[in-house]
>>> print(open('final.pdb').read())   # PDB, C-alpha atoms, pLDDT in the B column
MODEL        1
ATOM      1  CA  GLY A  10      15.624  -4.858 -15.613  1.00 79.00           C
ATOM      2  CA  ALA A  11      14.456  -2.072 -13.388  1.00 87.00           C
ATOM      3  CA  THR A  12      13.816   1.485 -14.497  1.00 90.00           C
ATOM      4  CA  ASN A  13      13.258   4.455 -12.207  1.00 92.00           C
ATOM      5  CA  VAL A  14      10.433   6.777 -13.286  1.00 93.00           C
ATOM      6  CA  GLU A  15       9.052   9.263 -10.780  1.00 92.00           C
ATOM      7  CA  TRP A  16       5.358   8.732 -10.100  1.00 91.00           C
ATOM      8  CA  LYS A  17       4.502  12.366 -10.900  1.00 92.00           C
ATOM      9  CA  TYR A  18       5.272  11.717 -14.589  1.00 95.00           C
ATOM     10  CA  PHE A  19       2.261   9.394 -14.774  1.00 97.00           C
ATOM     11  CA  TYR A  20      -0.131  12.341 -14.257  1.00 97.00           C
ATOM     12  CA  ASN A  21      -0.660  15.600 -16.135  1.00 97.00           C
ATOM     13  CA  GLN A  22      -1.106  19.044 -14.581  1.00 96.00           C
ATOM     14  CA  ASP A  23      -4.858  18.423 -14.262  1.00 97.00           C
ATOM     15  CA  GLY A  24      -4.195  15.388 -12.066  1.00 96.00           C
ATOM     16  CA  ARG A  25      -5.319  12.916 -14.725  1.00 97.00           C
ATOM     17  CA  PRO A  26      -3.332   9.981 -16.126  1.00 97.00           C
ATOM     18  CA  ASP A  27      -0.981  11.447 -18.728  1.00 97.00           C
ATOM     19  CA  PRO A  28      -1.098   9.707 -22.131  1.00 97.00           C
ATOM     20  CA  LEU A  29       2.406  11.046 -22.847  1.00 96.00           C
ATOM     21  CA  ILE A  30       3.851   8.504 -20.411  1.00 96.00           C
ATOM     22  CA  LYS A  31       3.043   5.771 -22.950  1.00 96.00           C
ATOM     23  CA  ALA A  32       5.577   7.211 -25.408  1.00 95.00           C
ATOM     24  CA  LYS A  33       8.154   7.697 -22.655  1.00 95.00           C
ATOM     25  CA  LEU A  34       7.763   4.089 -21.553  1.00 96.00           C
ATOM     26  CA  ALA A  35       7.837   2.857 -25.164  1.00 96.00           C
ATOM     27  CA  ALA A  36      11.196   4.609 -25.555  1.00 95.00           C
ATOM     28  CA  LEU A  37      12.382   2.489 -22.618  1.00 94.00           C
ATOM     29  CA  GLY A  38      11.064  -0.676 -24.289  1.00 94.00           C
ATOM     30  CA  ILE A  39       7.933  -0.951 -22.124  1.00 95.00           C
ATOM     31  CA  GLN A  40       4.697  -1.683 -24.006  1.00 96.00           C
ATOM     32  CA  PRO A  41       1.061  -1.767 -22.769  1.00 96.00           C
ATOM     33  CA  GLY A  42       0.967  -5.588 -22.895  1.00 97.00           C
ATOM     34  CA  ASP A  43       4.085  -5.988 -20.747  1.00 96.00           C
ATOM     35  CA  ARG A  44       3.988  -6.959 -17.100  1.00 96.00           C
ATOM     36  CA  VAL A  45       5.001  -3.879 -15.116  1.00 96.00           C
ATOM     37  CA  ILE A  46       5.570  -3.985 -11.362  1.00 94.00           C
ATOM     38  CA  LEU A  47       5.771  -0.622  -9.626  1.00 95.00           C
ATOM     39  CA  VAL A  48       7.525  -0.239  -6.295  1.00 94.00           C
ATOM     40  CA  CYS A  49       8.081   2.641  -3.873  1.00 92.00           C
ATOM     41  CA  ARG A  50       8.962   2.926  -0.193  1.00 92.00           C
ATOM     42  CA  SER A  51       5.447   2.688   1.283  1.00 93.00           C
ATOM     43  CA  GLY A  52       3.264   1.613  -1.656  1.00 92.00           C
ATOM     44  CA  VAL A  53       1.310   4.873  -1.982  1.00 93.00           C
ATOM     45  CA  ARG A  54       3.128   6.378  -4.978  1.00 94.00           C
ATOM     46  CA  SER A  55       3.460   3.058  -6.773  1.00 95.00           C
ATOM     47  CA  SER A  56      -0.280   2.467  -6.344  1.00 95.00           C
ATOM     48  CA  ALA A  57      -1.018   5.896  -7.832  1.00 96.00           C
ATOM     49  CA  ALA A  58       1.255   5.198 -10.803  1.00 96.00           C
ATOM     50  CA  THR A  59      -0.338   1.766 -11.266  1.00 97.00           C
ATOM     51  CA  TYR A  60      -3.786   3.362 -11.353  1.00 97.00           C
ATOM     52  CA  ALA A  61      -2.605   5.759 -14.075  1.00 98.00           C
ATOM     53  CA  LEU A  62      -1.047   2.974 -16.138  1.00 98.00           C
ATOM     54  CA  ARG A  63      -4.155   0.815 -15.949  1.00 98.00           C
ATOM     55  CA  ALA A  64      -6.290   3.781 -17.000  1.00 97.00           C
ATOM     56  CA  LEU A  65      -3.990   4.129 -20.023  1.00 97.00           C
ATOM     57  CA  GLY A  66      -4.326   0.479 -21.066  1.00 97.00           C
ATOM     58  CA  PHE A  67      -1.483  -1.213 -19.179  1.00 98.00           C
ATOM     59  CA  GLU A  68      -3.655  -4.077 -17.912  1.00 97.00           C
ATOM     60  CA  ASN A  69      -0.673  -6.003 -16.520  1.00 97.00           C
ATOM     61  CA  ALA A  70       0.543  -3.160 -14.286  1.00 97.00           C
ATOM     62  CA  GLN A  71       0.844  -4.128 -10.622  1.00 96.00           C
ATOM     63  CA  SER A  72       2.029  -2.434  -7.467  1.00 95.00           C
ATOM     64  CA  LEU A  73       3.846  -3.783  -4.435  1.00 89.00           C
ATOM     65  CA  THR A  74       1.062  -2.346  -2.280  1.00 83.00           C
ATOM     66  CA  SER A  75       2.870  -2.355   1.038  1.00 87.00           C
ATOM     67  CA  GLY A  76       6.072  -1.009  -0.519  1.00 88.00           C
ATOM     68  CA  LEU A  77       9.696  -1.748   0.148  1.00 87.00           C
ATOM     69  CA  ASN A  78       9.188  -1.156   3.876  1.00 86.00           C
ATOM     70  CA  SER A  79       7.230  -4.418   4.047  1.00 84.00           C
ATOM     71  CA  LEU A  80      10.299  -6.346   2.916  1.00 82.00           C
ATOM     72  CA  LYS A  81      12.418  -5.334   5.923  1.00 76.00           C
TER
ENDMDL
END
>>> encode(input="final.pdb", output="structure tokens")
Amino acid sequence: GATNVEWKYFYNQDGRPDPLIKAKLAALGIQPGDRVILVCRSGVRSSAATYALRALGFENAQSLTSGLNSLK
């Protein structure tokens, strides 16, 4: 299933990956060992969120780098 989480929630006010996102994702049933594929329109925001997740231990996080636009 797909879940919409805005990319800005993956970073704290200092611009660093926010550890609090781990608890938010856990509440949605998403654990660090799960495969997570992030998608946005152009690939920029999903890549930023993927970077944050990997920094927080989500080694199976991936981004559709060219975004949804590439699927048209």
>>> residues_around(input="final.pdb", residues="range 65-72 of chain A", least_positions_apart="4", cutoff="6 Å", atoms="only C-alpha atoms", output="PyMOL selection string")
chain A and resi 41+44-47+55-56+59
>>> residues_around(input="final.pdb", residues="Arg50 in chain A", least_positions_apart="2", cutoff="8 Å", atoms="all atoms listed in the file", output="number ranges by chain")
A: 48, 52, 76-78
>>> closest_residue(input="final.pdb", among="A:Ser79, A:Ala64, A:Leu73, A:Thr12", to="Lys31 in chain A", atoms="only C-alpha atoms")
A:Ala64
>>> closest_residue(input="final.pdb", among="A:Arg54, A:Leu29, A:Tyr60, A:Gly10", to="Ser75 in chain A", atoms="only C-alpha atoms")
A:Arg54
>>> atom_distance(input="final.pdb", atom1="CA of Cys49 in chain A", atom2="CA of Ala32 in chain A")
22.2 Å
>>> atom_distance(input="final.pdb", atom1="CA of Trp16 in chain A", atom2="CA of Gln40 in chain A")
17.4 Å
>>> atom_distance(input="final.pdb", atom1="CA of Thr74 in chain A", atom2="CA of Val53 in chain A")
7.2 Å
>>> axis_aligned_box(input="final.pdb", around="range 19-36 of chain A", padding_each_side="3 Å", output="JSON")
{"center_x": 2.9, "center_y": 11.0, "center_z": -18.8, "size_x": 22.5, "size_y": 22.2, "size_z": 19.5}
>>> closest_residue(input="final.pdb", among="A:Val14, A:Ser51, A:Asn21, A:Ala61", to="Leu34 in chain A", atoms="all atoms listed in the file")
A:Val14
>>> resolve_selection(input="final.pdb", expression="the PyMOL selection byres ((chain A and resi 19) around 8)", output="ChimeraX atom specification")
/A:15-18,20-21,26-27,30,58,61-62
>>> decode(input="final.pdb", residues="range 23-72 of chain A", atoms="N, CA and C atoms", output="short mmCIF file (atom, residue, chain, number, x, y, z; two decimals), in the first residue's frame")
data_model
loop_
_atom_site.label_atom_id
_atom_site.label_comp_id
_atom_site.auth_asym_id
_atom_site.auth_seq_id
_atom_site.Cartn_x
_atom_site.Cartn_y
_atom_site.Cartn_z
N ASP A 23 16.80 22.13 11.72
CA ASP A 23 18.21 22.39 11.43
C ASP A 23 18.62 21.86 10.06
N GLY A 24 17.67 21.24 9.35
CA GLY A 24 17.96 20.69 8.03
C GLY A 24 18.63 19.33 8.07
N ARG A 25 18.57 18.66 9.20
CA ARG A 25 19.17 17.33 9.35
C ARG A 25 18.05 16.27 9.38
N PRO A 26 18.39 15.04 8.98
CA PRO A 26 17.39 13.98 9.06
C PRO A 26 16.79 13.90 10.47
N ASP A 27 15.48 13.87 10.53
CA ASP A 27 14.77 13.92 11.80
C ASP A 27 14.48 12.52 12.33
N PRO A 28 15.10 12.15 13.46
CA PRO A 28 14.86 10.81 14.02
C PRO A 28 13.39 10.57 14.39
N LEU A 29 12.62 11.62 14.58
CA LEU A 29 11.21 11.46 14.94
C LEU A 29 10.39 10.80 13.82
N ILE A 30 10.88 10.87 12.59
CA ILE A 30 10.15 10.26 11.48
C ILE A 30 10.09 8.74 11.65
N LYS A 31 11.08 8.16 12.34
CA LYS A 31 11.07 6.71 12.55
C LYS A 31 9.83 6.28 13.32
N ALA A 32 9.47 7.02 14.36
CA ALA A 32 8.28 6.69 15.14
C ALA A 32 7.01 6.92 14.33
N LYS A 33 6.99 7.98 13.52
CA LYS A 33 5.82 8.25 12.69
C LYS A 33 5.63 7.14 11.66
N LEU A 34 6.72 6.68 11.07
CA LEU A 34 6.62 5.60 10.10
C LEU A 34 6.26 4.29 10.77
N ALA A 35 6.80 4.05 11.97
CA ALA A 35 6.46 2.83 12.72
C ALA A 35 4.96 2.78 13.00
N ALA A 36 4.37 3.93 13.29
CA ALA A 36 2.93 4.00 13.55
C ALA A 36 2.14 3.63 12.29
N LEU A 37 2.75 3.79 11.13
CA LEU A 37 2.12 3.42 9.87
C LEU A 37 2.46 1.99 9.46
N GLY A 38 3.25 1.30 10.30
CA GLY A 38 3.64 -0.07 10.02
C GLY A 38 4.89 -0.20 9.18
N ILE A 39 5.68 0.87 9.08
CA ILE A 39 6.90 0.87 8.27
C ILE A 39 8.10 0.81 9.21
N GLN A 40 8.92 -0.24 9.05
CA GLN A 40 10.08 -0.46 9.91
C GLN A 40 11.37 -0.25 9.11
N PRO A 41 12.50 0.00 9.81
CA PRO A 41 13.77 0.25 9.12
C PRO A 41 14.21 -0.85 8.15
N GLY A 42 13.83 -2.10 8.38
CA GLY A 42 14.22 -3.18 7.49
C GLY A 42 13.33 -3.34 6.27
N ASP A 43 12.23 -2.61 6.23
CA ASP A 43 11.28 -2.71 5.11
C ASP A 43 11.82 -2.03 3.86
N ARG A 44 11.38 -2.54 2.71
CA ARG A 44 11.68 -1.87 1.45
C ARG A 44 10.71 -0.69 1.32
N VAL A 45 11.29 0.49 1.14
CA VAL A 45 10.49 1.71 1.02
C VAL A 45 10.88 2.39 -0.29
N ILE A 46 9.90 2.65 -1.13
CA ILE A 46 10.15 3.33 -2.40
C ILE A 46 9.46 4.69 -2.33
N LEU A 47 10.25 5.74 -2.50
CA LEU A 47 9.73 7.10 -2.41
C LEU A 47 9.58 7.68 -3.81
N VAL A 48 8.46 8.36 -4.02
CA VAL A 48 8.14 8.89 -5.35
C VAL A 48 7.61 10.31 -5.20
N CYS A 49 8.03 11.18 -6.11
CA CYS A 49 7.45 12.52 -6.22
C CYS A 49 7.36 12.86 -7.71
N ARG A 50 6.96 14.05 -8.02
CA ARG A 50 6.75 14.43 -9.42
C ARG A 50 8.05 14.39 -10.23
N SER A 51 9.12 15.01 -9.71
CA SER A 51 10.35 15.12 -10.50
C SER A 51 11.51 14.27 -9.97
N GLY A 52 11.39 13.73 -8.77
CA GLY A 52 12.46 12.93 -8.19
C GLY A 52 13.33 13.66 -7.20
N VAL A 53 13.21 14.98 -7.11
CA VAL A 53 14.07 15.77 -6.22
C VAL A 53 13.67 15.56 -4.76
N ARG A 54 12.41 15.74 -4.45
CA ARG A 54 11.95 15.60 -3.06
C ARG A 54 12.04 14.16 -2.58
N SER A 55 11.73 13.21 -3.44
CA SER A 55 11.84 11.81 -3.03
C SER A 55 13.29 11.42 -2.79
N SER A 56 14.21 11.98 -3.55
CA SER A 56 15.63 11.71 -3.32
C SER A 56 16.09 12.29 -1.99
N ALA A 57 15.61 13.48 -1.65
CA ALA A 57 15.95 14.09 -0.36
C ALA A 57 15.41 13.26 0.79
N ALA A 58 14.19 12.79 0.67
CA ALA A 58 13.59 11.96 1.72
C ALA A 58 14.32 10.62 1.83
N THR A 59 14.73 10.06 0.71
CA THR A 59 15.48 8.80 0.71
C THR A 59 16.81 8.98 1.42
N TYR A 60 17.48 10.08 1.17
CA TYR A 60 18.75 10.37 1.84
C TYR A 60 18.53 10.39 3.36
N ALA A 61 17.48 11.07 3.81
CA ALA A 61 17.19 11.16 5.24
C ALA A 61 16.92 9.77 5.81
N LEU A 62 16.10 8.98 5.13
CA LEU A 62 15.79 7.65 5.64
C LEU A 62 17.03 6.77 5.73
N ARG A 63 17.87 6.82 4.73
CA ARG A 63 19.10 6.01 4.77
C ARG A 63 20.00 6.46 5.92
N ALA A 64 20.08 7.76 6.15
CA ALA A 64 20.87 8.26 7.26
C ALA A 64 20.32 7.79 8.60
N LEU A 65 19.03 7.48 8.64
CA LEU A 65 18.38 7.03 9.88
C LEU A 65 18.28 5.50 9.96
N GLY A 66 18.94 4.79 9.06
CA GLY A 66 19.01 3.34 9.15
C GLY A 66 18.07 2.57 8.26
N PHE A 67 17.33 3.24 7.39
CA PHE A 67 16.45 2.56 6.44
C PHE A 67 17.26 2.21 5.20
N GLU A 68 18.02 1.11 5.28
CA GLU A 68 18.95 0.74 4.21
C GLU A 68 18.26 0.33 2.93
N ASN A 69 16.99 -0.05 3.00
CA ASN A 69 16.25 -0.48 1.82
C ASN A 69 15.39 0.62 1.21
N ALA A 70 15.65 1.86 1.60
CA ALA A 70 14.90 3.00 1.03
C ALA A 70 15.44 3.30 -0.36
N GLN A 71 14.54 3.52 -1.30
CA GLN A 71 14.90 3.83 -2.68
C GLN A 71 14.01 4.94 -3.20
N SER A 72 14.51 5.65 -4.19
CA SER A 72 13.74 6.72 -4.80
C SER A 72 13.59 6.47 -6.29
#
